[in-house]
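Next comes final_29.txt, with compact mmCIF, C-alpha atoms.
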```txt
# COMPACT_ATOMS: atom_id res chain seq x y z
CA MET Z 20 -39.88 -43.52 -17.95
CA ASN Z 21 -38.15 -40.43 -16.54
CA LYS Z 22 -39.22 -39.36 -13.07
CA THR Z 23 -41.05 -36.02 -12.92
CA VAL Z 24 -39.16 -33.51 -10.78
CA ILE Z 25 -40.16 -30.01 -9.69
CA SER Z 26 -38.16 -27.62 -7.52
CA VAL Z 27 -39.17 -26.53 -4.02
CA SER Z 28 -39.88 -22.99 -5.24
CA GLN Z 29 -42.15 -24.31 -7.99
CA PHE Z 30 -43.91 -26.46 -5.40
CA GLN Z 31 -44.48 -23.37 -3.25
CA LEU Z 32 -45.97 -21.40 -6.14
CA LEU Z 33 -48.37 -24.24 -6.89
CA VAL Z 34 -49.45 -24.33 -3.23
CA ILE Z 35 -50.03 -20.55 -3.15
CA LEU Z 36 -52.13 -20.51 -6.31
CA TYR Z 37 -54.00 -23.63 -5.20
CA THR Z 38 -54.73 -22.07 -1.79
CA VAL Z 39 -56.19 -18.96 -3.39
CA GLY Z 40 -58.13 -21.06 -5.92
CA THR Z 41 -61.83 -20.24 -5.97
CA THR Z 42 -61.73 -18.31 -2.69
CA ILE Z 43 -60.58 -14.98 -4.13
CA LEU Z 44 -63.86 -14.55 -5.99
CA ILE Z 45 -66.55 -16.11 -3.79
CA ILE Z 46 -65.33 -16.56 -0.20
CA PRO Z 47 -65.87 -12.94 1.00
CA ALA Z 48 -69.64 -13.46 0.61
CA GLY Z 49 -69.66 -16.57 2.77
CA LEU Z 50 -67.46 -14.98 5.41
CA ALA Z 51 -69.62 -11.84 5.52
CA ALA Z 52 -72.75 -13.98 5.93
CA GLU Z 53 -71.29 -15.51 9.09
CA ALA Z 54 -69.13 -12.73 10.53
CA LYS Z 55 -70.52 -9.51 8.98
CA GLN Z 56 -67.94 -6.70 9.19
CA ASP Z 57 -65.52 -9.07 10.95
CA ALA Z 58 -65.26 -11.20 7.79
CA TRP Z 59 -61.58 -10.37 7.43
CA LEU Z 60 -61.00 -11.62 10.98
CA ALA Z 61 -62.85 -14.80 10.05
CA ALA Z 62 -60.46 -15.11 7.09
CA ALA Z 63 -57.52 -14.77 9.48
CA ALA Z 64 -59.10 -17.42 11.73
CA GLY Z 65 -59.49 -19.70 8.71
CA VAL Z 66 -55.83 -19.33 7.83
CA ALA Z 67 -54.88 -20.07 11.45
CA VAL Z 68 -57.10 -23.17 11.48
CA GLY Z 69 -55.66 -24.32 8.17
CA LEU Z 70 -51.97 -24.09 9.05
CA PRO Z 71 -51.94 -27.12 11.43
CA VAL Z 72 -53.83 -29.07 8.76
CA VAL Z 73 -51.21 -28.17 6.16
CA TRP Z 74 -48.47 -29.15 8.61
CA LEU Z 75 -50.21 -32.51 9.02
CA HIS Z 76 -50.29 -32.95 5.24
CA SER Z 77 -46.59 -32.17 5.05
CA LEU Z 78 -45.89 -34.98 7.54
CA VAL Z 79 -47.44 -37.40 5.06
CA GLY Z 80 -45.05 -36.03 2.45
CA ARG Z 81 -42.10 -36.73 4.74
CA ARG Z 82 -43.26 -40.32 5.28
CA LEU Z 83 -43.53 -41.16 1.58
CA GLN Z 84 -39.74 -41.54 1.28
CA GLY Z 85 -39.75 -41.51 -2.51
CA ARG Z 86 -42.93 -43.58 -2.94
CA ASP Z 87 -46.03 -42.29 -4.72
CA PHE Z 88 -49.09 -41.86 -2.52
CA PRO Z 89 -51.12 -44.87 -3.77
CA SER Z 90 -48.10 -47.11 -3.09
CA TYR Z 91 -47.77 -45.59 0.38
CA CYS Z 92 -51.45 -46.34 1.09
CA GLY Z 93 -50.90 -49.94 -0.02
CA ASP Z 94 -47.79 -50.34 2.14
CA VAL Z 95 -49.47 -48.86 5.23
CA LEU Z 96 -53.03 -50.19 4.97
CA GLY Z 97 -52.51 -53.33 2.96
CA ARG Z 98 -53.29 -54.05 -0.67
CA TRP Z 99 -57.08 -53.96 -0.63
CA ALA Z 100 -57.60 -51.20 1.91
CA GLY Z 101 -54.98 -49.08 0.16
CA ALA Z 102 -56.70 -49.65 -3.19
CA ALA Z 103 -60.05 -48.69 -1.65
CA VAL Z 104 -58.63 -45.39 -0.35
CA THR Z 105 -57.05 -44.68 -3.74
CA ALA Z 106 -60.32 -45.45 -5.55
CA PHE Z 107 -62.23 -43.10 -3.25
CA LEU Z 108 -59.68 -40.37 -3.93
CA VAL Z 109 -60.13 -40.89 -7.68
CA LEU Z 110 -63.84 -40.18 -7.26
CA PHE Z 111 -63.20 -37.22 -4.98
CA PHE Z 112 -60.66 -35.60 -7.29
CA PHE Z 113 -62.90 -36.12 -10.31
CA LEU Z 114 -65.93 -34.67 -8.51
CA SER Z 115 -63.89 -31.68 -7.32
CA SER Z 116 -62.57 -31.08 -10.83
CA ALA Z 117 -66.13 -31.08 -12.18
CA THR Z 118 -67.33 -28.62 -9.54
CA LEU Z 119 -64.55 -26.17 -10.39
CA LEU Z 120 -65.33 -26.48 -14.10
CA SER Z 121 -68.96 -25.73 -13.25
CA TYR Z 122 -67.85 -22.64 -11.29
CA VAL Z 123 -65.99 -21.36 -14.36
CA GLY Z 124 -68.99 -21.86 -16.62
CA ASN Z 125 -71.48 -20.29 -14.22
CA PHE Z 126 -69.31 -17.24 -13.62
CA LEU Z 127 -68.60 -16.54 -17.28
CA THR Z 128 -72.17 -17.06 -18.48
CA THR Z 129 -73.67 -14.83 -15.77
CA GLN Z 130 -71.07 -12.05 -15.61
CA ILE Z 131 -69.05 -11.75 -18.82
CA LEU Z 132 -70.06 -13.99 -21.74
CA VAL Z 133 -73.79 -13.99 -21.10
CA GLU Z 134 -74.69 -14.99 -24.67
CA THR Z 135 -72.20 -17.86 -24.85
CA PRO Z 136 -73.45 -21.43 -24.29
CA ILE Z 137 -72.02 -22.84 -21.08
CA GLU Z 138 -71.17 -26.09 -22.90
CA PHE Z 139 -68.70 -24.24 -25.11
CA ILE Z 140 -66.99 -22.66 -22.09
CA HIS Z 141 -66.69 -26.02 -20.34
CA LEU Z 142 -65.28 -27.59 -23.50
CA LEU Z 143 -62.70 -24.85 -24.00
CA PHE Z 144 -61.52 -24.72 -20.38
CA GLY Z 145 -61.56 -28.51 -20.14
CA ALA Z 146 -59.40 -28.73 -23.27
CA ILE Z 147 -56.83 -26.41 -21.67
CA VAL Z 148 -56.71 -28.60 -18.56
CA VAL Z 149 -56.32 -31.76 -20.66
CA MET Z 150 -53.52 -30.11 -22.64
CA ALA Z 151 -51.76 -29.16 -19.41
CA MET Z 152 -52.00 -32.73 -18.15
CA ARG Z 153 -50.63 -34.08 -21.43
CA LEU Z 154 -47.61 -31.82 -21.04
CA GLY Z 155 -47.05 -32.96 -17.45
CA LEU Z 156 -46.47 -31.64 -13.95
CA GLU Z 157 -43.10 -30.07 -14.77
CA THR Z 158 -44.69 -27.90 -17.45
CA ILE Z 159 -47.53 -26.95 -15.10
CA ALA Z 160 -44.97 -25.91 -12.46
CA ARG Z 161 -43.04 -23.81 -14.98
CA THR Z 162 -46.30 -22.19 -16.04
CA ALA Z 163 -46.89 -21.23 -12.40
CA GLU Z 164 -43.50 -19.48 -12.41
CA ILE Z 165 -44.60 -17.45 -15.44
CA PHE Z 166 -48.04 -16.51 -14.18
CA PHE Z 167 -47.31 -15.86 -10.50
CA PRO Z 168 -45.62 -12.44 -11.01
CA TRP Z 169 -48.61 -11.39 -13.12
CA PHE Z 170 -50.93 -12.64 -10.39
CA VAL Z 171 -49.14 -10.61 -7.70
CA GLY Z 172 -48.92 -7.54 -9.95
CA LEU Z 173 -52.60 -7.58 -10.88
CA PHE Z 174 -53.64 -8.20 -7.28
CA GLY Z 175 -51.46 -5.35 -6.02
CA ALA Z 176 -52.76 -3.00 -8.72
CA LEU Z 177 -56.36 -3.83 -7.83
CA VAL Z 178 -55.83 -3.17 -4.12
CA LEU Z 179 -54.03 0.13 -4.79
CA LEU Z 180 -56.75 1.32 -7.17
CA LEU Z 181 -59.40 0.53 -4.56
CA LEU Z 182 -57.73 2.41 -1.71
CA PRO Z 183 -59.61 5.69 -2.45
CA GLN Z 184 -62.89 3.76 -2.09
CA VAL Z 185 -62.06 2.29 1.33
CA GLU Z 186 -64.33 3.38 4.19
CA LEU Z 187 -63.05 2.17 7.54
CA ASP Z 188 -66.48 2.70 9.10
CA HIS Z 189 -67.56 -0.41 7.18
CA VAL Z 190 -65.23 -2.60 9.27
CA ARG Z 191 -66.32 -1.14 12.60
CA PRO Z 192 -67.03 -2.18 15.29
CA VAL Z 193 -64.23 -4.72 15.33
CA PHE Z 194 -64.69 -8.04 17.18
CA GLU Z 195 -68.45 -7.58 17.43
CA THR Z 196 -69.03 -11.09 16.05
CA GLU Z 197 -69.10 -13.98 18.50
CA VAL Z 198 -66.03 -16.19 18.59
CA LYS Z 199 -68.18 -19.19 17.67
CA ALA Z 200 -69.32 -17.52 14.44
CA LEU Z 201 -65.75 -16.49 13.60
CA LEU Z 202 -64.50 -20.03 14.05
CA ARG Z 203 -67.40 -21.46 12.05
CA ALA Z 204 -66.61 -19.12 9.16
CA GLY Z 205 -62.91 -19.86 9.56
CA LEU Z 206 -63.56 -23.59 9.37
CA THR Z 207 -65.45 -23.09 6.11
CA LEU Z 208 -62.48 -21.20 4.68
CA ALA Z 209 -60.02 -23.84 5.88
CA ALA Z 210 -62.17 -26.50 4.20
CA THR Z 211 -61.79 -24.57 0.95
CA SER Z 212 -58.19 -23.39 1.06
CA ALA Z 213 -56.21 -25.78 3.30
CA MET Z 214 -57.85 -29.19 3.63
CA PRO Z 215 -58.12 -29.73 -0.16
CA LEU Z 216 -54.32 -29.66 -0.31
CA ILE Z 217 -54.58 -33.45 -0.11
CA SER Z 218 -54.21 -33.35 -3.90
CA PHE Z 219 -50.54 -32.55 -3.23
CA PHE Z 220 -50.19 -36.05 -1.79
CA LEU Z 221 -49.83 -37.01 -5.47
CA VAL Z 222 -47.19 -34.28 -6.00
CA PHE Z 223 -44.92 -34.91 -2.99
CA SER Z 224 -42.95 -37.68 -4.68
CA SER Z 225 -41.99 -35.28 -7.49
CA VAL Z 226 -40.50 -32.56 -5.26
CA GLN Z 227 -36.75 -32.31 -5.69
CA ARG Z 228 -35.86 -31.96 -2.01
CA PRO Z 229 -38.51 -33.79 0.07
CA GLU Z 230 -36.91 -32.76 3.36
CA ARG Z 231 -37.99 -29.16 2.67
CA ILE Z 232 -41.64 -29.97 1.99
CA ARG Z 233 -42.86 -29.11 5.49
CA GLY Z 234 -41.55 -25.55 5.68
CA ALA Z 235 -42.27 -24.85 2.02
CA MET Z 236 -45.87 -26.03 2.21
CA VAL Z 237 -46.76 -24.22 5.43
CA SER Z 238 -45.18 -20.93 4.33
CA ALA Z 239 -46.84 -21.13 0.91
CA ASN Z 240 -50.26 -21.78 2.43
CA LEU Z 241 -49.75 -18.81 4.75
CA ALA Z 242 -48.83 -16.62 1.77
CA GLY Z 243 -51.95 -17.74 -0.07
CA GLY Z 244 -53.97 -17.03 3.06
CA LEU Z 245 -52.70 -13.45 3.13
CA PHE Z 246 -54.21 -12.87 -0.32
CA ILE Z 247 -57.54 -14.12 1.01
CA ILE Z 248 -57.39 -11.94 4.14
CA ILE Z 249 -56.57 -8.84 2.08
CA ILE Z 250 -59.36 -9.35 -0.47
CA SER Z 251 -61.82 -10.05 2.37
CA PHE Z 252 -60.83 -6.85 4.19
CA VAL Z 253 -61.01 -4.73 1.03
CA SER Z 254 -64.40 -6.22 0.10
CA ILE Z 255 -65.88 -5.26 3.47
CA ALA Z 256 -64.15 -1.86 3.57
CA VAL Z 257 -65.38 -0.87 0.10
CA LEU Z 258 -68.74 -2.63 -0.31
CA GLY Z 259 -69.83 -3.02 3.30
CA ALA Z 260 -70.84 -6.25 5.00
CA ASP Z 261 -74.49 -6.24 3.85
CA LEU Z 262 -73.73 -5.84 0.14
CA THR Z 263 -70.80 -8.27 0.28
CA GLU Z 264 -73.06 -10.91 1.83
CA ARG Z 265 -75.77 -10.51 -0.82
CA LEU Z 266 -73.51 -10.69 -3.87
CA MET Z 267 -72.64 -13.99 -5.53
CA TYR Z 268 -69.24 -12.68 -6.65
CA PRO Z 269 -68.38 -9.75 -4.35
CA SER Z 270 -64.77 -9.46 -5.50
CA TYR Z 271 -65.92 -9.03 -9.09
CA ALA Z 272 -68.37 -6.32 -8.03
CA LEU Z 273 -65.57 -4.79 -5.98
CA ALA Z 274 -63.44 -4.23 -9.08
CA LYS Z 275 -66.31 -2.30 -10.68
CA LYS Z 276 -65.87 0.32 -7.97
CA VAL Z 277 -62.45 1.36 -9.28
CA SER Z 278 -62.50 4.93 -10.56
CA VAL Z 279 -59.33 6.99 -10.85
CA GLY Z 280 -59.84 10.43 -12.37
CA LYS Z 281 -62.70 9.08 -14.50
CA PHE Z 282 -59.97 7.57 -16.65
CA ILE Z 283 -59.25 4.18 -15.04
CA GLN Z 284 -62.64 2.53 -14.60
CA ARG Z 285 -64.40 -0.83 -14.99
CA VAL Z 286 -61.32 -2.96 -14.39
CA GLU Z 287 -63.30 -5.97 -13.18
CA ILE Z 288 -61.52 -8.08 -15.75
CA ILE Z 289 -58.51 -7.88 -13.39
CA ILE Z 290 -60.30 -9.92 -10.73
CA ALA Z 291 -61.55 -12.27 -13.43
CA ALA Z 292 -57.97 -12.78 -14.64
CA LEU Z 293 -56.76 -13.44 -11.09
CA TRP Z 294 -59.50 -16.01 -10.60
CA PHE Z 295 -58.85 -17.73 -13.93
CA ILE Z 296 -55.16 -18.09 -13.08
CA SER Z 297 -55.72 -19.54 -9.61
CA ILE Z 298 -58.67 -21.77 -10.54
CA PHE Z 299 -56.77 -23.18 -13.53
CA PHE Z 300 -54.00 -24.47 -11.29
CA LYS Z 301 -56.42 -25.79 -8.67
CA LEU Z 302 -58.55 -27.61 -11.25
CA THR Z 303 -55.46 -28.99 -13.01
CA LEU Z 304 -54.00 -30.33 -9.76
CA TYR Z 305 -57.32 -31.94 -8.82
CA PHE Z 306 -57.39 -33.57 -12.25
CA HIS Z 307 -53.75 -34.59 -11.85
CA GLY Z 308 -54.62 -36.36 -8.59
CA CYS Z 309 -57.51 -38.14 -10.30
CA LEU Z 310 -55.45 -39.34 -13.27
CA VAL Z 311 -52.35 -40.41 -11.32
CA SER Z 312 -54.45 -42.34 -8.79
CA LEU Z 313 -56.51 -43.99 -11.52
CA ALA Z 314 -53.40 -44.94 -13.50
CA LYS Z 315 -51.95 -46.55 -10.38
CA LEU Z 316 -55.14 -48.54 -9.78
CA ALA Z 317 -55.15 -49.68 -13.41
CA LYS Z 318 -51.42 -50.53 -13.18
CA LEU Z 319 -50.55 -48.25 -16.10
CA ASP Z 320 -47.03 -46.95 -16.63
CA SER Z 321 -48.34 -43.44 -17.39
CA TYR Z 322 -51.54 -41.51 -16.80
CA ARG Z 323 -51.38 -39.81 -20.22
CA PRO Z 324 -53.56 -42.38 -22.08
CA LEU Z 325 -56.32 -41.47 -19.61
CA THR Z 326 -56.22 -37.70 -20.18
CA LEU Z 327 -58.54 -37.50 -23.20
CA PRO Z 328 -61.27 -39.96 -22.12
CA MET Z 329 -61.30 -38.62 -18.56
CA GLY Z 330 -61.26 -35.06 -19.91
CA MET Z 331 -64.36 -35.83 -22.00
CA LEU Z 332 -66.11 -37.26 -18.94
CA LEU Z 333 -65.07 -34.18 -16.96
CA VAL Z 334 -66.64 -31.80 -19.48
CA ILE Z 335 -69.86 -33.84 -19.54
CA TYR Z 336 -70.13 -34.16 -15.75
CA GLY Z 337 -69.33 -30.46 -15.33
CA GLN Z 338 -72.69 -29.74 -16.99
CA VAL Z 339 -74.74 -31.62 -14.40
CA VAL Z 340 -72.72 -31.67 -11.17
CA TYR Z 341 -74.65 -28.62 -9.90
CA PRO Z 342 -78.28 -28.63 -11.16
CA ASN Z 343 -78.75 -25.04 -9.94
CA VAL Z 344 -77.14 -22.35 -7.78
CA HIS Z 345 -79.20 -23.24 -4.69
CA TYR Z 346 -77.99 -26.83 -4.91
CA MET Z 347 -74.41 -25.59 -5.23
CA LEU Z 348 -74.68 -23.41 -2.13
CA GLU Z 349 -76.28 -26.20 -0.10
CA TRP Z 350 -73.65 -28.70 -1.24
CA ASP Z 351 -70.78 -26.38 -0.34
CA LYS Z 352 -72.27 -25.70 3.08
CA LYS Z 353 -73.66 -29.07 4.18
CA VAL Z 354 -71.58 -31.66 2.33
CA TRP Z 355 -68.24 -30.15 1.34
CA VAL Z 356 -67.08 -29.05 4.79
CA PRO Z 357 -67.76 -32.39 6.59
CA MET Z 358 -66.26 -34.30 3.66
CA MET Z 359 -63.10 -32.21 3.77
CA ILE Z 360 -62.76 -32.68 7.52
CA VAL Z 361 -62.76 -36.44 6.93
CA LEU Z 362 -60.38 -36.38 3.95
CA GLY Z 363 -58.22 -33.45 4.99
CA ILE Z 364 -57.78 -34.32 8.68
CA PHE Z 365 -58.86 -37.84 9.59
CA LEU Z 366 -57.41 -39.55 6.50
CA PRO Z 367 -53.84 -38.28 6.98
CA LEU Z 368 -54.12 -38.76 10.75
CA GLY Z 369 -55.21 -42.36 10.27
CA LEU Z 370 -52.46 -43.08 7.74
CA LEU Z 371 -49.77 -41.59 9.96
CA ALA Z 372 -51.04 -43.43 13.04
CA VAL Z 373 -51.05 -46.82 11.28
CA ASP Z 374 -47.67 -46.08 9.69
CA LEU Z 375 -46.10 -45.25 13.05
CA LEU Z 376 -47.60 -48.36 14.68
CA ARG Z 377 -46.21 -50.55 11.91
CA SER Z 378 -42.80 -48.90 12.22
CA ARG Z 379 -42.70 -49.48 15.98
CA ARG Z 380 -43.68 -53.12 15.60
CA LYS Z 381 -40.94 -53.64 13.03
CA GLY Z 382 -38.47 -51.91 15.34
CA ALA Z 383 -39.57 -54.05 18.27
CA GLY Z 384 -39.35 -57.17 16.12
```

Would you mind writing the structure in this file as structure tokens?
Amino acid sequence: MNKTVISVSQFQLLVILYTVGTTILIIPAGLAAEAKQDAWLAAAAGVAVGLPVVWLHSLVGRRLQGRDFPSYCGDVLGRWAGAAVTAFLVLFFFLSSATLLSYVGNFLTTQILVETPIEFIHLLFGAIVVMAMRLGLETIARTAEIFFPWFVGLFGALVLLLLPQVELDHVRPVFETEVKALLRAGLTLAATSAMPLISFFLVFSSVQRPERIRGAMVSANLAGGLFIIIISFVSIAVLGADLTERLMYPSYALAKKVSVGKFIQRVEIIIAALWFISIFFKLTLYFHGCLVSLAKLAKLDSYRPLTLPMGMLLVIYGQVVYPNVHYMLEWDKKVWVPMMIVLGIFLPLGLLAVDLLRSRRKGAG
């Protein structure tokens, strides 16, 4: 079986799109709820909090030395403990994939395709993800190269079209929010955009030049963070903090404000397209982590035989993972952030600590 290889630039594009993920559509509301008109500063704080986490993740990539992540866990923690960590990651990646699929269905059925059954949307989007996984990581990376210029172009066009609607009074006074609230909001953002990059643990072994992972990953996460800071600032400057906080999808409502000469109007499909692009790559990479980890546990030569059955389970679970919107908001606030702190910070820290101790003992021996 040929080894999957992606270039460093492709790896960076995947990290950028993954970082943006769901945040471009929904995160301004959460930031505004905590930091009001300083939401864009909270976004900057979140990016700053996330960068050391991403650097920590990149250290794991450097320690793999050509091994896949499940094998690394087995070598560092032992056979059974390594298998337990891998099994937990399978469950986490599958759950995360289902939540993103649920996001897609909820957004489309409430904002765009209101007459369409959510089951059909889940089935269609799930089929696209399964198809991507059948084609493999190299194809997904090449797809990122195709879509990224469109992503940047659409994002830039949206920001430029919204400039006439910007009211700087909406972002004043600056720094009125307490530092504690800024950091709390920033931590929530980091738990959404930086800590979930653990799914790239299953991608590291495919990067062509592993020695460049650290710089590539940190710079790409920073670039993705800039998109989030900009959309947060524009949301507050155009809609105001109160309206941004109350809306479920403030960025989508933001695009409805575009009006240039009564000719260019109602371009909210731009923000929808941006979100579909970024969430597709995030969901696909979550699902990739699930399948690769599960294939390793089952001692399969390839994850591809698992794509269809796991894809069917994904579509089914996507229907029930969030019983209602209130449950979703409570889960994201009370469960997701602590879980990501454990998986995104303590897991890599623990692995690196045990790995270094083992290396020193071998050196001393």

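Non-sequential neighbours of Glu53 of chain Z (distance at most 9 Å, separation of 5 or more positions within a chain, all atoms listed in the file) are Ala48, Ala58, Ala61, Thr196, Ala200, Leu201, Arg203, Ala204 and Glu264 of chain Z.
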
### Message
Restricting the calculation to only C-alpha atoms: of Z:Asp94, Z:Asp57, Z:Glu287, Z:Asp87, which residue gets closest to Gly259 of chain Z?
### Response
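The closest residue to Gly259 of chain Z is Z:Asp57.
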
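Closest to Phe299 of chain Z among Z:Phe88, Z:Tyr122, Z:Tyr271, Z:Trp99 is Z:Tyr122, based on all atoms listed in the file.
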
### Task
With a distance cut-off of 10 Å and all atoms listed in the file, select the neighbouring residues of Phe246 of chain Z, excluding the residue or stretch itself and same-chain residues fewer than 2 positions from it, and output the selection as a list in words.
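Contacts, in chain order: Ile35, Leu36, Thr38, Val39, Thr42, Ile43, Ala62, Val171, Phe174, Gly175, Leu241, Ala242, Gly243, Gly244, Ile248, Ile249, Ile250 and Ser251 of chain Z.
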
### Message
Taking 5 positions as the minimum chain separation for residues in the same chain, which residues sit within 10 Å of Leu70 of chain Z when counting only C-alpha atoms? Answer as a ChimeraX atom specification.
### Response
/Z:65,75-76,209,213-214,236-238,240-241,244

Create the file for the chosen residues now, containing C-alpha atoms and written as an mmCIF file, keeping the file's coordinate frame.
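out-v7.cif, freshly written:
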```cif
data_model
loop_
_atom_site.group_PDB
_atom_site.id
_atom_site.type_symbol
_atom_site.label_atom_id
_atom_site.label_comp_id
_atom_site.auth_asym_id
_atom_site.auth_seq_id
_atom_site.Cartn_x
_atom_site.Cartn_y
_atom_site.Cartn_z
ATOM 1 C CA GLY Z 65 -59.490 -19.700 8.710
ATOM 2 C CA LEU Z 75 -50.210 -32.510 9.020
ATOM 3 C CA HIS Z 76 -50.290 -32.950 5.240
ATOM 4 C CA ALA Z 209 -60.020 -23.840 5.880
ATOM 5 C CA ALA Z 213 -56.210 -25.780 3.300
ATOM 6 C CA MET Z 214 -57.850 -29.190 3.630
ATOM 7 C CA MET Z 236 -45.870 -26.030 2.210
ATOM 8 C CA VAL Z 237 -46.760 -24.220 5.430
ATOM 9 C CA SER Z 238 -45.180 -20.930 4.330
ATOM 10 C CA ASN Z 240 -50.260 -21.780 2.430
ATOM 11 C CA LEU Z 241 -49.750 -18.810 4.750
ATOM 12 C CA GLY Z 244 -53.970 -17.030 3.060
#
```

### Query
Can you tell me how far atom CA of Val95 of chain Z sits from atom CA of Thr23 of chain Z, in Å to one decimal?
23.8 Å

### Of the listed residues Z:Val226, Z:Ile137, Z:Ala103, Z:Ala117, that which approaches Leu332 of chain Z most closely, counting all atoms listed in the file
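Of the candidates, the smallest distance to Leu332 of chain Z is held by Z:Ala117.
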
### Z:Tyr91, Z:Phe170, Z:Trp350, Z:Phe365 ranked by distance to Leu32 of chain Z, top pick (using all atoms listed in the file)
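Comparing Z:Tyr91, Z:Phe170, Z:Trp350, Z:Phe365 against Leu32 of chain Z, the winner is Z:Phe170.
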
As AutoDock Vina command-line options, please: the centre and edge lengths in Å, to one decimal, of an axis-aligned box enclosing every listed atom of segment 329-348 of chain Z with 3 Å added on each side.
```
--center_x -70.2 --center_y -30.5 --center_z -12.1 --size_x 23.9 --size_y 22.3 --size_z 25.9
```

### Task
Name the residues in contact with Leu177 of chain Z at a cut-off of 12 Å, using all atoms listed in the file, excluding same-chain residues fewer than 6 positions from it; report them as a VMD selection string.
chain Z and resid 170 to 171 183 to 184 246 249 to 250 253 to 254 270 to 271 273 to 279 283 to 293

Since the input is missing atoms, can you rebuild N, CA and C atoms for segment 208-219 of chain Z and write them as a compact mmCIF listing (two decimals), in the frame of the given file?
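Contents of part.txt, freshly written:
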```txt
# COMPACT_ATOMS: atom_id res chain seq x y z
N LEU Z 208 -63.61 -21.62 5.52
CA LEU Z 208 -62.48 -21.20 4.68
C LEU Z 208 -61.39 -22.25 4.66
N ALA Z 209 -61.06 -22.81 5.83
CA ALA Z 209 -60.02 -23.84 5.88
C ALA Z 209 -60.40 -25.05 5.04
N ALA Z 210 -61.70 -25.37 5.00
CA ALA Z 210 -62.17 -26.50 4.20
C ALA Z 210 -62.10 -26.22 2.71
N THR Z 211 -61.90 -24.96 2.35
CA THR Z 211 -61.79 -24.57 0.95
C THR Z 211 -60.36 -24.33 0.52
N SER Z 212 -59.54 -23.82 1.45
CA SER Z 212 -58.19 -23.39 1.06
C SER Z 212 -57.06 -24.25 1.60
N ALA Z 213 -57.29 -25.00 2.67
CA ALA Z 213 -56.21 -25.78 3.30
C ALA Z 213 -56.43 -27.28 3.22
N MET Z 214 -57.60 -27.74 3.63
CA MET Z 214 -57.85 -29.19 3.63
C MET Z 214 -57.80 -29.82 2.25
N PRO Z 215 -58.22 -29.12 1.18
CA PRO Z 215 -58.12 -29.73 -0.16
C PRO Z 215 -56.69 -29.92 -0.66
N LEU Z 216 -55.71 -29.46 0.10
CA LEU Z 216 -54.32 -29.66 -0.31
C LEU Z 216 -53.93 -31.14 -0.32
N ILE Z 217 -54.86 -32.02 0.00
CA ILE Z 217 -54.58 -33.45 -0.11
C ILE Z 217 -54.22 -33.84 -1.54
N SER Z 218 -54.60 -33.03 -2.52
CA SER Z 218 -54.21 -33.35 -3.90
C SER Z 218 -52.69 -33.29 -4.07
N PHE Z 219 -52.00 -32.59 -3.16
CA PHE Z 219 -50.54 -32.55 -3.23
C PHE Z 219 -49.90 -33.84 -2.72
```
